[in-house]
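The next block holds one structure in the form of structure tokens; read it before the comments.
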Amino acid sequence: MKYKDYYQILGVERDADIDAIKKAYRRLAHKYHPDVSKDPAGEEKFKEIADAYQTLKDPEKRAAYDQLGRHQPGQEFQPPPDWGKRFGETGPSFDDVDLADLFAGLAGGRRQAGRHGGSFQMPGQDYEVTAHISLDDACRGTTVDLDLTVPEYDQHGRPHRVQRAFKARIPKGATDGQRLRLRGKGGKGMGGAPDGDLYLNIALHPHALYRVSGHDLYLDLPLTPWEAALGAVVEVPTPSGSVHLKVPPGTHAGQKLRLARRGMPKPGSGEGDLYAIAQIVVPTVLSERERALFKELADGSTFNPRGHFQQEIKA
Amino acid sequence: MKPEQSDVVWLDAHCEYSFAEIVRCSGLKEAELRELVDYGVLSPRDPRGAEWTFGGDVVATIQAARRLHEDLGLDPQALALALTLIGRIHDLEAELRRLRAELPRRSA
């Protein structure tokens with residue numbers, strides 16, 4: 001079992017009173033709580049902070065924790081020989097036990113013993129995992145393999161970690177941030193209470209061409225100056241196959257050209273739209289001929305895109 | 001270990017949650033959950049119906065309520081305020097994502 005220094009995690013002295021512990025927890029929780037913080041490491045950090053607080057706020061658990069002695073954070077250690085007996089933890093080994101599960105288990109064991117087993121009911125925990133899939137898989141539907149390590153408690157309330165593996169079929173229609181429910185695949189309920197659910201959050205890998213917003217897709221459409229000025233028909237890729245897009249004459253940079261129902265499929269039926277965003281691209285190296293033609297255009301054209309500057313410049 | 005096969009359902013407005021399921025998900029008491037409905041944070045499908053049901057799209061809100069209640073000890077009134085502000089942040093983030101998607105990836 002790896003040691004965690006709960007006092008150090010909360011940034012309090014070992015003799016801190018409960019008010020100081022509560023204050024330290026709240027200050028850190030406001031900073032790292034996953035619903036408040038956008039720090040990607042915040043969730044893991046908050047879990048540590050919450051585990052530390054759950055143990056140190058309870059006088060009995062804190063006494064049990066203090067009896068584990070002081071070790072370096074992350075160091076492998078074994079509780080003192082009679083520790084288990086004194087604190088009601090009678091598991092044969094502490095090897096595969098997480099410190100936080102152990103202290104959660106202390107409460108579970110006591111609670112169960114107090115109710116003489118049997119009548120105590122607790123619904124299973126809901127689990128939440130993120131499945132990272134490609135945009136192509138989201139459009140076609142896919143199957144993902146999920147491996148979870150979750151805490152479970154035996155009939156005496158003793159904790160152990162179990163591996164659970166799931167195959168979940170994600171139907172077509174997924175997009176970034178969407179959620180799926182796998183009913184009854186969460187933690188086991190105790191005493192006949194229902195099992196929890198597993199929630200799957202969909203996260204799409206970035207795509208080389210398309211940017212995603214809901215079920216709509218955005219695509220940069222590079223155009224030559226003459227295509228933009230004269231109009232053109234260009235071939236554009238979409239998830240459901242390429243299409244010919246009519247670029248109207250006089251298209252300007254940043255203009256959105258909508259391809260209805262060429263975005264991502266929605267759950268059930270329907271599709272999002274695809275927007276091609278026009279960009280005017282000029283060649284960085286000109287051939288003699290191209291230079292001559294641009295020069296001729298420059299000399300012959302009266303077009304002035306900065307006419308509206310004139311008033312300011314004169315003033 | 002043989003993986004468990006599982007059927008999934010989209011968590012959107014089409015899937016239905018009973019009031020009891022929402023209570024279980026939230027970890028709150030029934031009265032506290034009714035308070036969140038009163039504050040307008042949660043909307044049952046038929047507020048005047050005998051048995052409330054909810055769309056699956058409220059589950060993310062309910063799970064946030066559970067975390068904020070358990071981790072920070074927020075009461076229903078504070079929860080309602082926090083959830084309203086979190087909802088506004090989510091809306092603004094979605095708008096930001098849409099606007100960013102419109103920006104060209106490389107300059108022309």
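Identifiers in this document derive from the order of the structure tokens: chains are assigned A, B, ..., residues are numbered from 1 separately in each chain, and ligands are numbered from 1 in order of occurrence.
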Would you write out, as CSV, a table of all residues in chain A that have an atom no more than 7 Å from an atom of chain B, listing for each the closest atom pair and the distance in Å to one decimal, considering only C-alpha atoms and ordering rows by chain and rising residue number?
```
residue,atom,partner,partner_atom,distance
A:Asp35,CA,B:Ala64,CA,6.8
A:Ala165,CA,B:Pro3,CA,4.6
A:Phe166,CA,B:Glu4,CA,4.7
A:Lys167,CA,B:Gln5,CA,5.1
A:Ala168,CA,B:Ser6,CA,5.3
A:Arg169,CA,B:Asp7,CA,6.6
A:Arg179,CA,B:Leu11,CA,5.4
A:Leu180,CA,B:Trp10,CA,4.6
A:Arg181,CA,B:Val9,CA,5.3
A:Leu182,CA,B:Val8,CA,5.0
A:Arg211,CA,B:Ala101,CA,5.3
A:Val212,CA,B:Ala101,CA,6.5
A:Ser213,CA,B:Arg98,CA,5.2
A:Tyr218,CA,B:Ala101,CA,6.0
A:Asp220,CA,B:Pro104,CA,6.0
A:Gln279,CA,B:Ala108,CA,5.8
A:Ile280,CA,B:Ala108,CA,6.0
A:Val281,CA,B:Ala108,CA,5.1
```
Could you give me, as a ChimeraX atom specification, each residue of chain B that DSSP assigns to helix (DSSP H, G or I) when run on this structure's backbone? /B:19-26,30-38,56-72,76-102
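The nearest approach to Pro283 in chain A among the residues A:Leu209, A:Leu223, A:Leu28, A:Leu68, with only C-alpha atoms taken into account, belongs to A:Leu223.
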Neighbour list for Leu81 in chain B as a list in words, cut-off 12 Å, only C-alpha atoms, skip fewer than 2 positions in-chain: Leu36, Tyr39, Gly40, Val41, Ala65, Leu68, Leu74, Asp75, Pro76, Gln77, Ala78, Leu79, Leu83, Thr84, Leu85, Ile86, Gly87 and Arg88 of chain B
Do you have the CA of Pro80 in chain A-CA of Ile18 in chain A distance handy? 25.5 Å
Close residues, range 45-50 of chain B itself excluded, 12 Å, only C-alpha atoms, min 3 positions apart in chain, as a ChimeraX atom specification: /B:13-19,34,37-38,40,42,53-58
Just to confirm, what's the straight-line distance from CA of Ile170 in chain A to CA of Val144 in chain A in Å (one decimal)? 7.3 Å
Write out as a PyMOL selection string the residues lying within 12 Å of range 57-61 of chain A, counting only C-alpha atoms and excluding same-chain residues fewer than 2 positions away. chain A and resi 6-7+10+16-25+49-55+63-68+86-89+99-100+102-107+110
List every residue of chain B that DSSP, applied to the backbone of this structure, places in strand (DSSP E), and write the result as a list of chain:residue names. B:Glu4, B:Gln5, B:Ser6, B:Val9, B:Trp10, B:Glu16, B:Tyr17, B:Ser18, B:Thr53, B:Phe54, B:Gly55
Restrict the selected residues to N, CA and C atoms and save them as a short mmCIF file (atom, residue, chain, number, x, y, z; two decimals), in the first residue's frame.
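So the final result, stored in selection02.cif, reads:
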```cif
data_model
loop_
_atom_site.label_atom_id
_atom_site.label_comp_id
_atom_site.auth_asym_id
_atom_site.auth_seq_id
_atom_site.Cartn_x
_atom_site.Cartn_y
_atom_site.Cartn_z
N GLU B 4 -18.00 -7.48 -20.63
CA GLU B 4 -19.46 -7.51 -20.60
C GLU B 4 -19.98 -6.70 -21.79
N GLN B 5 -20.90 -7.29 -22.52
CA GLN B 5 -21.51 -6.56 -23.63
C GLN B 5 -22.57 -5.63 -23.06
N SER B 6 -22.69 -4.51 -23.65
CA SER B 6 -23.66 -3.60 -23.06
C SER B 6 -24.38 -2.78 -24.11
N VAL B 9 -27.76 3.82 -24.25
CA VAL B 9 -28.81 4.75 -24.70
C VAL B 9 -28.25 6.17 -24.66
N TRP B 10 -28.65 6.97 -25.61
CA TRP B 10 -28.25 8.38 -25.61
C TRP B 10 -28.87 9.08 -24.43
N GLU B 16 -35.98 8.82 -20.87
CA GLU B 16 -36.81 9.27 -19.74
C GLU B 16 -36.28 8.76 -18.40
N TYR B 17 -36.27 9.65 -17.43
CA TYR B 17 -35.90 9.30 -16.06
C TYR B 17 -37.09 9.55 -15.15
N SER B 18 -37.35 8.58 -14.28
CA SER B 18 -38.43 8.79 -13.30
C SER B 18 -37.89 9.69 -12.18
N THR B 53 -41.55 13.13 -14.53
CA THR B 53 -40.49 12.46 -15.29
C THR B 53 -39.60 13.55 -15.88
N PHE B 54 -38.37 13.16 -16.19
CA PHE B 54 -37.38 14.12 -16.70
C PHE B 54 -36.71 13.56 -17.95
N GLY B 55 -36.24 14.47 -18.81
CA GLY B 55 -35.44 14.05 -19.95
C GLY B 55 -34.03 13.71 -19.49
#
```
Find the residues around Pro159 in chain A up to 7 Å (only C-alpha atoms counted), leave out those fewer than 5 positions away in its own chain, and share them as a compact mmCIF listing (two decimals) with C-alpha atoms, in the first residue's frame.
```txt
# COMPACT_ATOMS: atom_id res chain seq x y z
CA ASP A 101 -10.57 2.78 -0.08
CA LEU A 102 -9.22 1.49 3.22
CA GLY A 105 -14.02 0.70 4.12
CA PRO A 151 -13.45 -0.14 -5.67
CA GLU A 152 -15.86 -2.79 -4.45
CA TYR A 153 -16.69 -3.87 -0.94
CA ASP A 154 -17.22 -7.41 0.26
```
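Proximity to Pro267 in chain A was assessed for A:Gly196, A:Lys172, A:Ser301, A:Ala203 counting only C-alpha atoms; the smallest distance is recorded for A:Lys172.
Distance-wise, CA of Arg161 in chain A and CA of Met1 in chain A end up 12.3 Å apart.
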All residues 10 Å or closer to range 227-234 of chain A, only C-alpha atoms, same chain fewer than 4 positions away omitted, as a PDB file with N, CA and C atoms, in the first residue's frame:
```pdb
ATOM      1  N   LEU A 221     -11.918  26.457 -46.844  1.00  0.00           N
ATOM      2  CA  LEU A 221     -11.988  26.246 -48.300  1.00  0.00           C
ATOM      3  C   LEU A 221     -11.046  27.246 -48.987  1.00  0.00           C
ATOM      4  N   PRO A 222      -9.816  26.828 -49.266  1.00  0.00           N
ATOM      5  CA  PRO A 222      -8.893  27.754 -49.918  1.00  0.00           C
ATOM      6  C   PRO A 222      -9.309  27.967 -51.380  1.00  0.00           C
ATOM      7  N   LEU A 223      -9.336  29.242 -51.798  1.00  0.00           N
ATOM      8  CA  LEU A 223      -9.717  29.581 -53.180  1.00  0.00           C
ATOM      9  C   LEU A 223      -8.627  30.472 -53.783  1.00  0.00           C
ATOM     10  N   VAL A 243     -18.497  16.289 -52.582  1.00  0.00           N
ATOM     11  CA  VAL A 243     -19.580  16.927 -53.327  1.00  0.00           C
ATOM     12  C   VAL A 243     -19.001  18.078 -54.138  1.00  0.00           C
ATOM     13  N   HIS A 244     -19.732  18.502 -55.165  1.00  0.00           N
ATOM     14  CA  HIS A 244     -19.318  19.671 -55.938  1.00  0.00           C
ATOM     15  C   HIS A 244     -20.023  20.894 -55.393  1.00  0.00           C
ATOM     16  N   LEU A 245     -19.232  21.866 -54.970  1.00  0.00           N
ATOM     17  CA  LEU A 245     -19.781  23.076 -54.339  1.00  0.00           C
ATOM     18  C   LEU A 245     -19.643  24.238 -55.310  1.00  0.00           C
ATOM     19  N   LYS A 246     -20.756  24.966 -55.477  1.00  0.00           N
ATOM     20  CA  LYS A 246     -20.737  26.131 -56.361  1.00  0.00           C
ATOM     21  C   LYS A 246     -20.303  27.344 -55.544  1.00  0.00           C
ATOM     22  N   VAL A 247     -19.152  27.898 -55.904  1.00  0.00           N
ATOM     23  CA  VAL A 247     -18.664  29.106 -55.234  1.00  0.00           C
ATOM     24  C   VAL A 247     -19.177  30.286 -56.049  1.00  0.00           C
ATOM     25  N   PRO A 248     -20.010  31.170 -55.472  1.00  0.00           N
ATOM     26  CA  PRO A 248     -20.580  32.256 -56.271  1.00  0.00           C
ATOM     27  C   PRO A 248     -19.520  33.310 -56.620  1.00  0.00           C
ATOM     28  N   PRO A 249     -19.681  34.016 -57.740  1.00  0.00           N
ATOM     29  CA  PRO A 249     -18.739  35.079 -58.078  1.00  0.00           C
ATOM     30  C   PRO A 249     -18.724  36.139 -56.963  1.00  0.00           C
ATOM     31  N   GLY A 250     -17.575  36.722 -56.716  1.00  0.00           N
ATOM     32  CA  GLY A 250     -17.471  37.772 -55.691  1.00  0.00           C
ATOM     33  C   GLY A 250     -17.444  37.229 -54.277  1.00  0.00           C
ATOM     34  N   THR A 251     -17.044  35.979 -54.102  1.00  0.00           N
ATOM     35  CA  THR A 251     -16.933  35.405 -52.751  1.00  0.00           C
ATOM     36  C   THR A 251     -15.767  36.061 -52.019  1.00  0.00           C
ATOM     37  N   HIS A 252     -15.991  36.453 -50.768  1.00  0.00           N
ATOM     38  CA  HIS A 252     -14.910  37.094 -50.016  1.00  0.00           C
ATOM     39  C   HIS A 252     -14.386  36.172 -48.917  1.00  0.00           C
ATOM     40  N   ALA A 253     -13.198  36.495 -48.442  1.00  0.00           N
ATOM     41  CA  ALA A 253     -12.557  35.667 -47.410  1.00  0.00           C
ATOM     42  C   ALA A 253     -13.428  35.652 -46.160  1.00  0.00           C
ATOM     43  N   ALA A 278     -14.597  30.299 -46.800  1.00  0.00           N
ATOM     44  CA  ALA A 278     -13.730  30.686 -47.927  1.00  0.00           C
ATOM     45  C   ALA A 278     -12.464  31.386 -47.433  1.00  0.00           C
ATOM     46  N   GLN A 279     -11.366  30.998 -48.023  1.00  0.00           N
ATOM     47  CA  GLN A 279     -10.094  31.693 -47.788  1.00  0.00           C
ATOM     48  C   GLN A 279      -9.505  32.020 -49.146  1.00  0.00           C
ATOM     49  N   ILE A 280      -9.019  33.249 -49.300  1.00  0.00           N
ATOM     50  CA  ILE A 280      -8.398  33.617 -50.581  1.00  0.00           C
ATOM     51  C   ILE A 280      -6.899  33.414 -50.421  1.00  0.00           C
ATOM     52  N   VAL A 281      -6.362  32.550 -51.230  1.00  0.00           N
ATOM     53  CA  VAL A 281      -4.928  32.220 -51.121  1.00  0.00           C
ATOM     54  C   VAL A 281      -4.206  32.721 -52.367  1.00  0.00           C
TER      55      VAL A 281
END
```
